[in-house]
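Trainee: entry22.cif is reproduced in full below (mmCIF, C-alpha atoms).
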```
data_data
loop_
_atom_site.label_atom_id
_atom_site.label_comp_id
_atom_site.auth_asym_id
_atom_site.auth_seq_id
_atom_site.Cartn_x
_atom_site.Cartn_y
_atom_site.Cartn_z
CA MET A 1 32.47 -17.34 14.98
CA GLU A 2 31.61 -14.17 13.14
CA ARG A 3 28.21 -12.57 13.79
CA ARG A 4 27.81 -10.36 10.71
CA VAL A 5 24.32 -9.38 9.60
CA THR A 6 24.10 -7.77 6.17
CA LEU A 7 21.13 -5.75 4.97
CA TYR A 8 20.79 -5.33 1.21
CA LYS A 9 18.82 -2.16 0.46
CA LYS A 10 18.57 0.93 -1.72
CA ALA A 11 17.68 4.56 -1.20
CA GLY A 12 14.01 5.45 -1.43
CA CYS A 13 12.82 2.01 -0.31
CA HIS A 14 10.58 2.42 2.74
CA LEU A 15 10.66 -1.33 3.44
CA CYS A 16 14.45 -1.08 3.52
CA ASP A 17 14.32 1.86 5.93
CA ASP A 18 11.96 -0.11 8.18
CA ALA A 19 14.24 -3.17 8.07
CA ALA A 20 17.30 -1.03 8.91
CA ALA A 21 15.54 0.47 11.93
CA LEU A 22 14.44 -2.99 13.07
CA LEU A 23 17.95 -4.41 12.75
CA LEU A 24 19.40 -1.50 14.72
CA ARG A 25 16.95 -2.26 17.54
CA LEU A 26 17.74 -5.99 17.43
CA GLN A 27 21.48 -5.36 17.25
CA LYS A 28 21.47 -3.93 20.78
CA ALA A 29 19.80 -7.04 22.23
CA LEU A 30 21.39 -9.73 20.06
CA GLN A 31 24.95 -8.38 19.71
CA PHE A 32 25.82 -8.67 16.02
CA ASP A 33 27.80 -6.58 13.56
CA LEU A 34 25.52 -4.83 11.06
CA GLN A 35 26.61 -4.05 7.54
CA THR A 36 24.41 -2.37 4.93
CA VAL A 37 24.89 -2.73 1.20
CA ASP A 38 23.27 -0.41 -1.33
CA ILE A 39 22.35 -2.73 -4.17
CA THR A 40 22.75 0.07 -6.72
CA SER A 41 26.50 0.16 -5.99
CA ASP A 42 27.17 -3.06 -7.92
CA PRO A 43 25.39 -4.32 -11.08
CA ALA A 44 25.64 -7.98 -10.02
CA ILE A 45 24.19 -7.30 -6.57
CA TYR A 46 21.47 -5.16 -8.12
CA ALA A 47 20.52 -7.93 -10.56
CA ARG A 48 20.36 -10.45 -7.72
CA TYR A 49 18.30 -8.42 -5.24
CA LYS A 50 16.34 -5.80 -7.22
CA GLU A 51 13.02 -7.64 -6.83
CA SER A 52 13.42 -8.86 -3.25
CA ILE A 53 14.88 -6.05 -1.12
CA PRO A 54 15.23 -5.68 1.71
CA VAL A 55 17.21 -8.86 2.18
CA VAL A 56 18.96 -9.89 5.42
CA GLU A 57 21.89 -12.29 5.51
CA LEU A 58 23.83 -13.75 8.41
CA ASN A 59 27.45 -14.55 7.55
CA GLY A 60 26.53 -14.78 3.87
CA GLN A 61 23.44 -16.97 4.31
CA GLU A 62 20.14 -15.37 3.27
CA LEU A 63 17.66 -15.43 6.14
CA LEU A 64 14.91 -12.93 5.36
CA SER A 65 13.51 -10.93 2.47
CA ALA A 66 10.63 -8.51 2.05
CA PRO A 67 8.38 -8.18 3.85
CA ILE A 68 10.37 -8.46 7.08
CA GLY A 69 8.29 -8.59 10.23
CA GLU A 70 9.74 -7.92 13.66
CA ASN A 71 8.61 -11.14 15.33
CA MET A 72 9.93 -13.33 12.54
CA ALA A 73 13.22 -11.43 12.29
CA ARG A 74 13.76 -11.59 16.05
CA ALA A 75 13.00 -15.34 16.19
CA ILE A 76 15.20 -16.27 13.24
CA LEU A 77 18.14 -14.09 14.25
CA THR A 78 17.94 -15.22 17.88
CA ALA A 79 18.00 -18.88 16.87
CA ARG A 80 20.74 -18.53 14.26
CA LEU A 81 22.96 -16.38 16.45
CA ALA A 82 22.50 -18.75 19.40
CA ALA A 83 23.66 -21.61 17.18
CA LEU A 84 26.88 -19.67 16.52
CA GLY A 85 27.58 -19.14 20.20
CA SER A 86 29.08 -15.95 21.60
#
```
Starting from the file, give its structure as C-alpha cells.
Mentor:
Amino acid sequence: MERRVTLYKKAGCHLCDDAAALLLRLQKALQFDLQTVDITSDPAIYARYKESIPVVELNGQELLSAPIGENMARAILTARLAALGS
C-alpha cells in the first residue's frame, strides 16, 4: 500500500517550516514518500486549509494540524504506517 504523507503549507508560515523539518526527520526513520502542497496554488485548497495549516495527511486522510508536536506526530505516523505494512 502507498505510504504518501502530504504537508499542506504556505510560504512565510513558521509552523509550516517547523512541520516540514520534522517530517523530513521522520521520513528517514519511518520510510514514507513526502509531498508538500502550497495552499496558495489552488483557491479550493486555500479555502479548505487557510486557518489550519500546517496540515499533514497520510494517503489522503488528515492526521494532524497546527500545532504539530514531534512526539504526537511520531506516534501517529508510526501507528498509521505500521497498519499499512511495508
Trainee: Wanna dump the segment 43-67 of chain A-segment 72-79 of chain A contacts at 9 Å for me, each residue with its shortest atom pair and the distance in Å to one decimal, counting all atoms listed in the file, ordered by chain and number, as CSV?
Mentor:
```
residue,atom,partner,partner_atom,distance
A:Leu58,CA,A:Leu77,CA,8.2
A:Leu63,CA,A:Ile76,CA,7.6
A:Leu64,CA,A:Ala73,CA,7.3
```
Trainee: Select, from A:Gln61, A:Ala29, A:Pro54, A:Tyr49, the residue with the minimum atom-to-atom distance to Asp17 of chain A, counting only C-alpha atoms.
Mentor: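 Result for the nearest residue to Asp17 of chain A: A:Pro54.
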Trainee: Selected by the PyMOL selection byres ((chain A and resi 21) around 12) in the shown coordinates: which residues, as number ranges by chain?
Mentor: A: 7, 14-20, 22-28, 34, 36, 54, 68-70
Trainee: Just how far from atom CA of Ile53 of chain A is atom CA of Gln35 of chain A, in Å to one decimal?
Mentor: 14.7 Å
Trainee: Would you mind telling me which residue in A:Phe32, A:Ala82, A:Lys9, A:Thr40 lies nearest to Val55 of chain A when using all atoms listed in the file?
Mentor: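 Between A:Phe32, A:Ala82, A:Lys9, A:Thr40, the residue approaching Val55 of chain A most closely is A:Lys9.
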Trainee: So, counting all atoms listed in the file, which residue among A:Leu30, A:Val56, A:Ile39, A:Ala47 is closest to Leu81 of chain A?
Mentor: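 For Leu81 of chain A, the nearest of the candidates is A:Leu30.
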Trainee: I'd like to know which of A:Ala83, A:Arg3, A:Asn71, A:Lys10 is closest to Glu51 of chain A, using all atoms listed in the file.
Mentor: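 Going through A:Ala83, A:Arg3, A:Asn71, A:Lys10 one by one, the smallest distance to Glu51 of chain A is for A:Lys10.
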Trainee: In Å, with one decimal, what is the gap from atom CA of Leu84 of chain A to atom CA of Gly60 of chain A?
Mentor: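 A separation of 13.6 Å between them.
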Trainee: Rounded to one decimal in Å, what is the spacing between atom CA of Gln31 of chain A and atom CA of Arg80 of chain A?
Mentor: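 Spanning atom CA of Gln31 of chain A to atom CA of Arg80 of chain A is a straight-line distance of 12.3 Å.
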Trainee: Taking all atoms listed in the file into account, which of A:Ser65, A:Ser52, A:Ser41, A:Asn59 comes nearest Thr6 of chain A?
Mentor: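 Smallest distance to Thr6 of chain A is found for A:Asn59.
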